[in-house]
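Working notes, beginning with the structure itself.
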Amino acid sequence: MEVHVSRAVPRFRRPRPLALLAGAALLAPLALTGAPPASAAGQYTVTPLEFTVRAGGRSCTVDADLYRPAGVDARHPAPAVLATNGFGGSKSDGSTDVIGKAFAERGYVGLVYSGLGFGKSGCLITLDDPAIDGKAASGLVDFLAGTRAADDGTKADYVTTDGPGDPVVGMIGGSYGGAIQMATASADHRVDALVPLITWNDLAYSLAPNAAGASRGVSSDTPGVFKWQWTNGFYLMGEGQPLLVPSLDPSRFGSLGCLHFAAQACDIIRLLNSGRYPADATEEMLTYARSVSPASYLSGVTAPTLLVQGQADSLFNLNEATATYRTLEAQGTTTKMIWQAWGHSGGQVPGELDLSTGNLETSYVGQRILAWFDRYLHHDESTATGPEFAYYRDWESGYGTAAAVPALSRTMYLSGDGALVDSRSKVTRGSRQYTNWLLPTSHSESSLAGLVGLSDPAPYDTKGTYLGWTSAPLTTPVDVVGAPRATLKVVSPKAERVQNSGDAADRLTLFAKVYDVAPDGTQKLVNRLVAPVRVPDVTRAFTVELPGIVHRYETGHRLRFVIAASDTAYFGNRGIKPVTVVSAPQDTGVLELPVIG
């Protein structure tokens, strides 16, 4: 059945120059819609379709909607946009479906579908596995190419092609609907352009991050610290599908104890919740988590990719997008990156990208997306796609731009008296100690509070369970854009005795973070972000990559660098492990900041 929809539709045109406009927010799953100028009238049709696919050894149905603009036919073809939902959503959840509407209004053929294991689509949830979810999406590209029909016989012979069986198609979506783009494009080079928003690079880092000892990008060979709130929240969302979607397709049921996920995904959850990291099981966990992550298959991604990541995002932080960006850039894939204000943790601000209010043409990020598709789907080489790197600045309510992610440019030193100083000569010799409790004593965030409408206490640290180093009041503003880095050496005899036990969970855990301290003493943890660390070897110095931020430290404010024993959003140390930090002018910890201007 086709549904005819009338909309005010602009004729296709190149976007006007990319002004540095503010943009606004939305949590995943991504909501996209548009309200173009009312000066040009038009229509599109919406046709529900089903596709039977083989995925993960099962046969199941993919539920989709086809959006066809009026006047688009075999003689007047148009490029296509393919999209799917964020985790827990569907093609018609009130947010994902408007992707099809937004781009049909702008003359694109849209195909929006419920991802495997969600909505009315069958099969298990396999975490955007390129061999399963990516293969299913590739079958939908076949449909757009006109080489495959839907189950009811519907065919599409009105999508622009680059050659026989090769449709011109771009992909867009957020979070779970972001990673699927790279999973698809890694194996199907017919995909012409990608716009992944707020998604992951390495799921092992996302669920159990280790901010120390990264061997590549954000990936560390030492298992990280379990992000239990986010992980269990999404696990329960997946396992609770019968409550959300009555009369589930039988292909969506797995084994007892793992109803709707692939068995290996449930194995990860069980291992993380056990609080143990035995070597064999941990290696298996890391291997599987990375196999379904862009970190393992980006070498196959050749489609031009516009990465959009959220600054307010403790699930998939800016470091993940940066790792993807640098990998794509190094291998020669056309890529650019935007750090917008909002992510999974909120961060909405007026004027930022919020396509549910129709601001594609008026928001900075919306303009960049339109330009990206104009350039790579309409093959308009005269379209400018904007700077290599852009970032939202809340102190100016707009975007700054740069030719690359700023490098570390300012070094500060950890003094034995608790000061954060700008010269080694100012370091005072001394030592200080903290001790963890069996219960968490520091708080950064309640990860799911925003999603369920609960208030969240301000971040705090309990005396005696953390160490802090505070700078003198700043004499000029300091703008930090990027990921701070700390190099530390700690002393912990109890941790040293057990760190080679064969269980990585015995290693010392700590949490690094940077506060902004106002003149009145109140402090702000920027976007509530922390760097969880499972120290690779407590007898050696180690380097911590903190989450990327965009923040101005105003004149009169002070920077405070903190290492804490615990955090309420993460699992902590096994047993009591006192930690001492020793400072001397020629042997002390350092904090490096990517300062611009």
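In the structure tokens, chains take letters A, B, ... by order of appearance, with residues numbered from 1 within each chain and ligands from 1 in the order shown.
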Compile a residue-level contact table for range 326-357 of chain A against range 518-527 of chain A at a cut-off of 10 Å, reporting for every qualifying residue the shortest atom pair and its distance in Å to one decimal, with only C-alpha atoms counted, rows ordered by chain and ascending number, as CSV.
residue,atom,partner,partner_atom,distance
A:Ala341,CA,A:Asn527,CA,10.0
A:Ser345,CA,A:Asn527,CA,8.1
A:Gly346,CA,A:Asn527,CA,9.1
A:Gly347,CA,A:Asn527,CA,8.1
Q. Contacts of Ala185 in chain A at 7 Å or less, counting only C-alpha atoms, minus same-chain residues fewer than 5 places along, as number ranges by chain?
A. A: 191, 301, 303
Taking N, CA and C atoms for each residue, export the selection above as a PDB file, in the first residue's frame.
ATOM      1  N   VAL A 191      28.184   1.796  -1.875  1.00  0.00           N
ATOM      2  CA  VAL A 191      27.726   2.902  -1.030  1.00  0.00           C
ATOM      3  C   VAL A 191      28.640   4.100  -1.289  1.00  0.00           C
ATOM      4  N   VAL A 301      36.565   0.585   4.271  1.00  0.00           N
ATOM      5  CA  VAL A 301      35.661   1.713   4.048  1.00  0.00           C
ATOM      6  C   VAL A 301      36.334   2.716   3.117  1.00  0.00           C
ATOM      7  N   ALA A 303      34.092   4.859   1.087  1.00  0.00           N
ATOM      8  CA  ALA A 303      33.103   5.901   0.821  1.00  0.00           C
ATOM      9  C   ALA A 303      33.441   7.167   1.598  1.00  0.00           C
TER      10      ALA A 303
END
Q.
Which residues are near Phe143 in chain A? Cut-off 10 Å, only C-alpha atoms, ignore same chain within fewer than 4 positions. Put them as number ranges by chain.
A. A: 51, 111, 137-139, 147-150, 154-157, 159, 165, 167
Can those selected residues be exported to a file as a PDB file, in the first residue's frame so that it contains N, CA, C and O atoms?
ATOM      1  N   PHE A  51      11.589  -7.601   3.140  1.00  0.00           N
ATOM      2  CA  PHE A  51      12.645  -8.303   2.426  1.00  0.00           C
ATOM      3  C   PHE A  51      13.060  -9.517   3.263  1.00  0.00           C
ATOM      4  O   PHE A  51      13.374  -9.365   4.448  1.00  0.00           O
ATOM      5  N   LEU A 111      15.021   4.865   1.737  1.00  0.00           N
ATOM      6  CA  LEU A 111      14.684   3.513   2.190  1.00  0.00           C
ATOM      7  C   LEU A 111      15.095   3.411   3.652  1.00  0.00           C
ATOM      8  O   LEU A 111      16.283   3.442   3.980  1.00  0.00           O
ATOM      9  N   ALA A 137      22.022  -5.182   5.051  1.00  0.00           N
ATOM     10  CA  ALA A 137      21.900  -3.849   4.461  1.00  0.00           C
ATOM     11  C   ALA A 137      22.347  -3.856   3.006  1.00  0.00           C
ATOM     12  O   ALA A 137      21.766  -3.160   2.162  1.00  0.00           O
ATOM     13  N   SER A 138      23.364  -4.649   2.692  1.00  0.00           N
ATOM     14  CA  SER A 138      23.828  -4.747   1.308  1.00  0.00           C
ATOM     15  C   SER A 138      22.724  -5.294   0.403  1.00  0.00           C
ATOM     16  O   SER A 138      22.615  -4.906  -0.765  1.00  0.00           O
ATOM     17  N   GLY A 139      21.882  -6.196   0.934  1.00  0.00           N
ATOM     18  CA  GLY A 139      20.745  -6.696   0.167  1.00  0.00           C
ATOM     19  C   GLY A 139      19.763  -5.593  -0.169  1.00  0.00           C
ATOM     20  O   GLY A 139      19.128  -5.605  -1.229  1.00  0.00           O
ATOM     21  N   THR A 147      18.194  -4.668  -8.882  1.00  0.00           N
ATOM     22  CA  THR A 147      18.546  -6.064  -9.178  1.00  0.00           C
ATOM     23  C   THR A 147      17.873  -7.047  -8.240  1.00  0.00           C
ATOM     24  O   THR A 147      18.064  -8.249  -8.366  1.00  0.00           O
ATOM     25  N   ARG A 148      17.093  -6.532  -7.305  1.00  0.00           N
ATOM     26  CA  ARG A 148      16.380  -7.389  -6.366  1.00  0.00           C
ATOM     27  C   ARG A 148      15.014  -6.782  -6.089  1.00  0.00           C
ATOM     28  O   ARG A 148      14.885  -5.548  -5.975  1.00  0.00           O
ATOM     29  N   ALA A 149      14.010  -7.625  -5.952  1.00  0.00           N
ATOM     30  CA  ALA A 149      12.661  -7.158  -5.629  1.00  0.00           C
ATOM     31  C   ALA A 149      12.373  -7.370  -4.156  1.00  0.00           C
ATOM     32  O   ALA A 149      12.974  -8.226  -3.498  1.00  0.00           O
ATOM     33  N   ALA A 150      11.440  -6.583  -3.636  1.00  0.00           N
ATOM     34  CA  ALA A 150      10.920  -6.847  -2.301  1.00  0.00           C
ATOM     35  C   ALA A 150      10.088  -8.121  -2.342  1.00  0.00           C
ATOM     36  O   ALA A 150       9.795  -8.668  -3.423  1.00  0.00           O
ATOM     37  N   THR A 154       7.790  -5.707  -5.554  1.00  0.00           N
ATOM     38  CA  THR A 154       8.124  -4.307  -5.841  1.00  0.00           C
ATOM     39  C   THR A 154       9.595  -4.174  -6.230  1.00  0.00           C
ATOM     40  O   THR A 154      10.482  -4.735  -5.571  1.00  0.00           O
ATOM     41  N   LYS A 155       9.855  -3.412  -7.305  1.00  0.00           N
ATOM     42  CA  LYS A 155      11.232  -3.151  -7.730  1.00  0.00           C
ATOM     43  C   LYS A 155      11.432  -1.642  -7.844  1.00  0.00           C
ATOM     44  O   LYS A 155      10.472  -0.880  -8.051  1.00  0.00           O
ATOM     45  N   ALA A 156      12.668  -1.225  -7.715  1.00  0.00           N
ATOM     46  CA  ALA A 156      13.011   0.194  -7.845  1.00  0.00           C
ATOM     47  C   ALA A 156      13.900   0.360  -9.074  1.00  0.00           C
ATOM     48  O   ALA A 156      15.038  -0.111  -9.088  1.00  0.00           O
ATOM     49  N   ASP A 157      13.358   1.023 -10.100  1.00  0.00           N
ATOM     50  CA  ASP A 157      14.142   1.259 -11.319  1.00  0.00           C
ATOM     51  C   ASP A 157      14.338   2.762 -11.539  1.00  0.00           C
ATOM     52  O   ASP A 157      14.551   3.207 -12.659  1.00  0.00           O
ATOM     53  N   VAL A 159      16.405   4.825  -9.293  1.00  0.00           N
ATOM     54  CA  VAL A 159      17.529   5.355  -8.517  1.00  0.00           C
ATOM     55  C   VAL A 159      18.695   5.594  -9.468  1.00  0.00           C
ATOM     56  O   VAL A 159      19.028   4.726 -10.288  1.00  0.00           O
ATOM     57  N   GLY A 165      23.819  -2.233 -11.797  1.00  0.00           N
ATOM     58  CA  GLY A 165      23.800  -2.815 -10.457  1.00  0.00           C
ATOM     59  C   GLY A 165      24.454  -1.976  -9.391  1.00  0.00           C
ATOM     60  O   GLY A 165      24.660  -2.442  -8.270  1.00  0.00           O
ATOM     61  N   PRO A 167      23.800   1.464  -7.579  1.00  0.00           N
ATOM     62  CA  PRO A 167      23.006   2.668  -7.352  1.00  0.00           C
ATOM     63  C   PRO A 167      23.824   3.751  -6.666  1.00  0.00           C
ATOM     64  O   PRO A 167      24.803   3.473  -5.970  1.00  0.00           O
TER      65      PRO A 167
END
If we count only C-alpha atoms, what is near Ser186 in chain A at a cut-off of 8 Å, once residues fewer than 6 positions away on the same chain are taken out, given as a PDB file with N, CA, C and O atoms, in the first residue's frame?
ATOM      1  N   PRO A 130      29.359  -6.676  10.640  1.00  0.00           N
ATOM      2  CA  PRO A 130      29.396  -6.459   9.188  1.00  0.00           C
ATOM      3  C   PRO A 130      29.024  -7.704   8.387  1.00  0.00           C
ATOM      4  O   PRO A 130      28.471  -7.592   7.290  1.00  0.00           O
ATOM      5  N   TYR A 297      37.457  -3.078  10.831  1.00  0.00           N
ATOM      6  CA  TYR A 297      37.179  -3.213   9.393  1.00  0.00           C
ATOM      7  C   TYR A 297      37.211  -1.893   8.630  1.00  0.00           C
ATOM      8  O   TYR A 297      36.801  -1.831   7.466  1.00  0.00           O
ATOM      9  N   LEU A 298      37.712  -0.837   9.247  1.00  0.00           N
ATOM     10  CA  LEU A 298      37.760   0.453   8.561  1.00  0.00           C
ATOM     11  C   LEU A 298      38.612   0.416   7.299  1.00  0.00           C
ATOM     12  O   LEU A 298      38.421   1.238   6.398  1.00  0.00           O
ATOM     13  N   SER A 299      39.538  -0.522   7.216  1.00  0.00           N
ATOM     14  CA  SER A 299      40.380  -0.608   6.015  1.00  0.00           C
ATOM     15  C   SER A 299      39.548  -0.839   4.762  1.00  0.00           C
ATOM     16  O   SER A 299      39.984  -0.535   3.652  1.00  0.00           O
ATOM     17  N   GLY A 300      38.336  -1.388   4.928  1.00  0.00           N
ATOM     18  CA  GLY A 300      37.475  -1.629   3.778  1.00  0.00           C
ATOM     19  C   GLY A 300      36.548  -0.474   3.455  1.00  0.00           C
ATOM     20  O   GLY A 300      35.802  -0.536   2.470  1.00  0.00           O
ATOM     21  N   VAL A 301      36.565   0.585   4.271  1.00  0.00           N
ATOM     22  CA  VAL A 301      35.661   1.713   4.048  1.00  0.00           C
ATOM     23  C   VAL A 301      36.334   2.716   3.117  1.00  0.00           C
ATOM     24  O   VAL A 301      37.324   3.355   3.477  1.00  0.00           O
ATOM     25  N   THR A 302      35.768   2.875   1.916  1.00  0.00           N
ATOM     26  CA  THR A 302      36.306   3.810   0.936  1.00  0.00           C
ATOM     27  C   THR A 302      35.344   4.953   0.640  1.00  0.00           C
ATOM     28  O   THR A 302      35.725   5.932   0.000  1.00  0.00           O
TER      29      THR A 302
END
**Q.** Option closest in space to Ala83 in chain A, from A:Gln43, A:Thr411, A:Ser431, A:Ser175 [counting only C-alpha atoms]
**A.** A:Ser175
Q.
Which residues are near Cys266 in chain A? Cut-off 12 Å, only C-alpha atoms, ignore same chain within fewer than 3 positions. Put them as JSON, numbers by chain.
A. {"A": [124, 125, 126, 127, 231, 232, 234, 235, 236, 238, 239, 254, 255, 256, 257, 258, 259, 260, 261, 262, 263, 269, 270, 271, 272, 273, 285, 288, 289]}
Please report, as CSV, each residue of range 104-129 of chain A lying at most 10 Å from range 67-79 of chain A, together with the nearest pair of atoms and the separation in Å rounded to one decimal; use only C-alpha atoms, and order rows by chain and ascending residue number.
residue,atom,partner,partner_atom,distance
A:Ala104,CA,A:Pro69,CA,5.4
A:Glu105,CA,A:Pro69,CA,7.1
A:Arg106,CA,A:Pro69,CA,8.4
A:Gly107,CA,A:Pro69,CA,5.8
A:Tyr108,CA,A:Pro79,CA,5.6
A:Val109,CA,A:Arg68,CA,5.1
A:Gly110,CA,A:Tyr67,CA,4.7
A:Leu111,CA,A:Tyr67,CA,6.2
A:Val112,CA,A:Tyr67,CA,8.1
(Q) Counting only C-alpha atoms, which residue out of A:Lys227, A:His344, A:Lys426, A:Arg216 sits closest to Arg326 in chain A? (A)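 For Arg326 in chain A, the nearest of the given residues is A:Arg216.
Remark: for Thr588 in chain A, the closest of the candidate residues A:Asp63, A:Asp417, A:Glu496, A:Asp192 is A:Asp417 (distances computed over only C-alpha atoms).
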Q) Quick one: distance from CA of Arg410 in chain A to CA of Leu559 in chain A in Å, one decimal? A)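 Separating CA of Arg410 in chain A from CA of Leu559 in chain A is a distance of 12.7 Å.
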Q. Tell me, which residues of range 436-474 of chain A carry DSSP helix (DSSP H, G or I), written as number ranges by chain?
A. A: 449-452
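With distances restricted to only C-alpha atoms, A:Phe226 is the closest residue to Pro532 in chain A from A:Phe226, A:Phe561, A:Tyr325, A:Phe253.
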Q: Can you work out which one of A:Pro304, A:Gly453, A:Pro578, A:Pro294 has the shortest atom-to-atom distance to Gly170 in chain A, counting only C-alpha atoms?
A: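 So, comparing all the options, the nearest one is A:Pro304.
Proximity of A:Leu197, A:Ile180, A:Ala569, A:Val421 to Asp456 in chain A, computed with only C-alpha atoms, is greatest for A:Ala569.
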Once you count only C-alpha atoms, what closest atom pair and distance in Å to one decimal does each residue of range 490-544 of chain A within 10 Å of range 205-214 of chain A have, with rows by chain and rising residue number, as JSON lines?
{"residue": "A:Thr509", "atom": "CA", "partner": "A:Asn210", "partner_atom": "CA", "distance": 9.5}
{"residue": "A:Phe511", "atom": "CA", "partner": "A:Ala211", "partner_atom": "CA", "distance": 9.1}
{"residue": "A:Ala512", "atom": "CA", "partner": "A:Ala211", "partner_atom": "CA", "distance": 8.9}
{"residue": "A:Val530", "atom": "CA", "partner": "A:Ala211", "partner_atom": "CA", "distance": 9.4}
{"residue": "A:Ala531", "atom": "CA", "partner": "A:Ala211", "partner_atom": "CA", "distance": 5.7}
{"residue": "A:Pro532", "atom": "CA", "partner": "A:Asn210", "partner_atom": "CA", "distance": 5.8}
{"residue": "A:Val533", "atom": "CA", "partner": "A:Asn210", "partner_atom": "CA", "distance": 5.0}
{"residue": "A:Arg534", "atom": "CA", "partner": "A:Asn210", "partner_atom": "CA", "distance": 6.0}
{"residue": "A:Val535", "atom": "CA", "partner": "A:Ala212", "partner_atom": "CA", "distance": 6.8}
{"residue": "A:Pro536", "atom": "CA", "partner": "A:Gly213", "partner_atom": "CA", "distance": 6.8}
{"residue": "A:Asp537", "atom": "CA", "partner": "A:Gly213", "partner_atom": "CA", "distance": 9.7}
{"residue": "A:Phe542", "atom": "CA", "partner": "A:Ala212", "partner_atom": "CA", "distance": 6.6}
{"residue": "A:Thr543", "atom": "CA", "partner": "A:Ala212", "partner_atom": "CA", "distance": 5.5}
{"residue": "A:Val544", "atom": "CA", "partner": "A:Ala212", "partner_atom": "CA", "distance": 4.6}
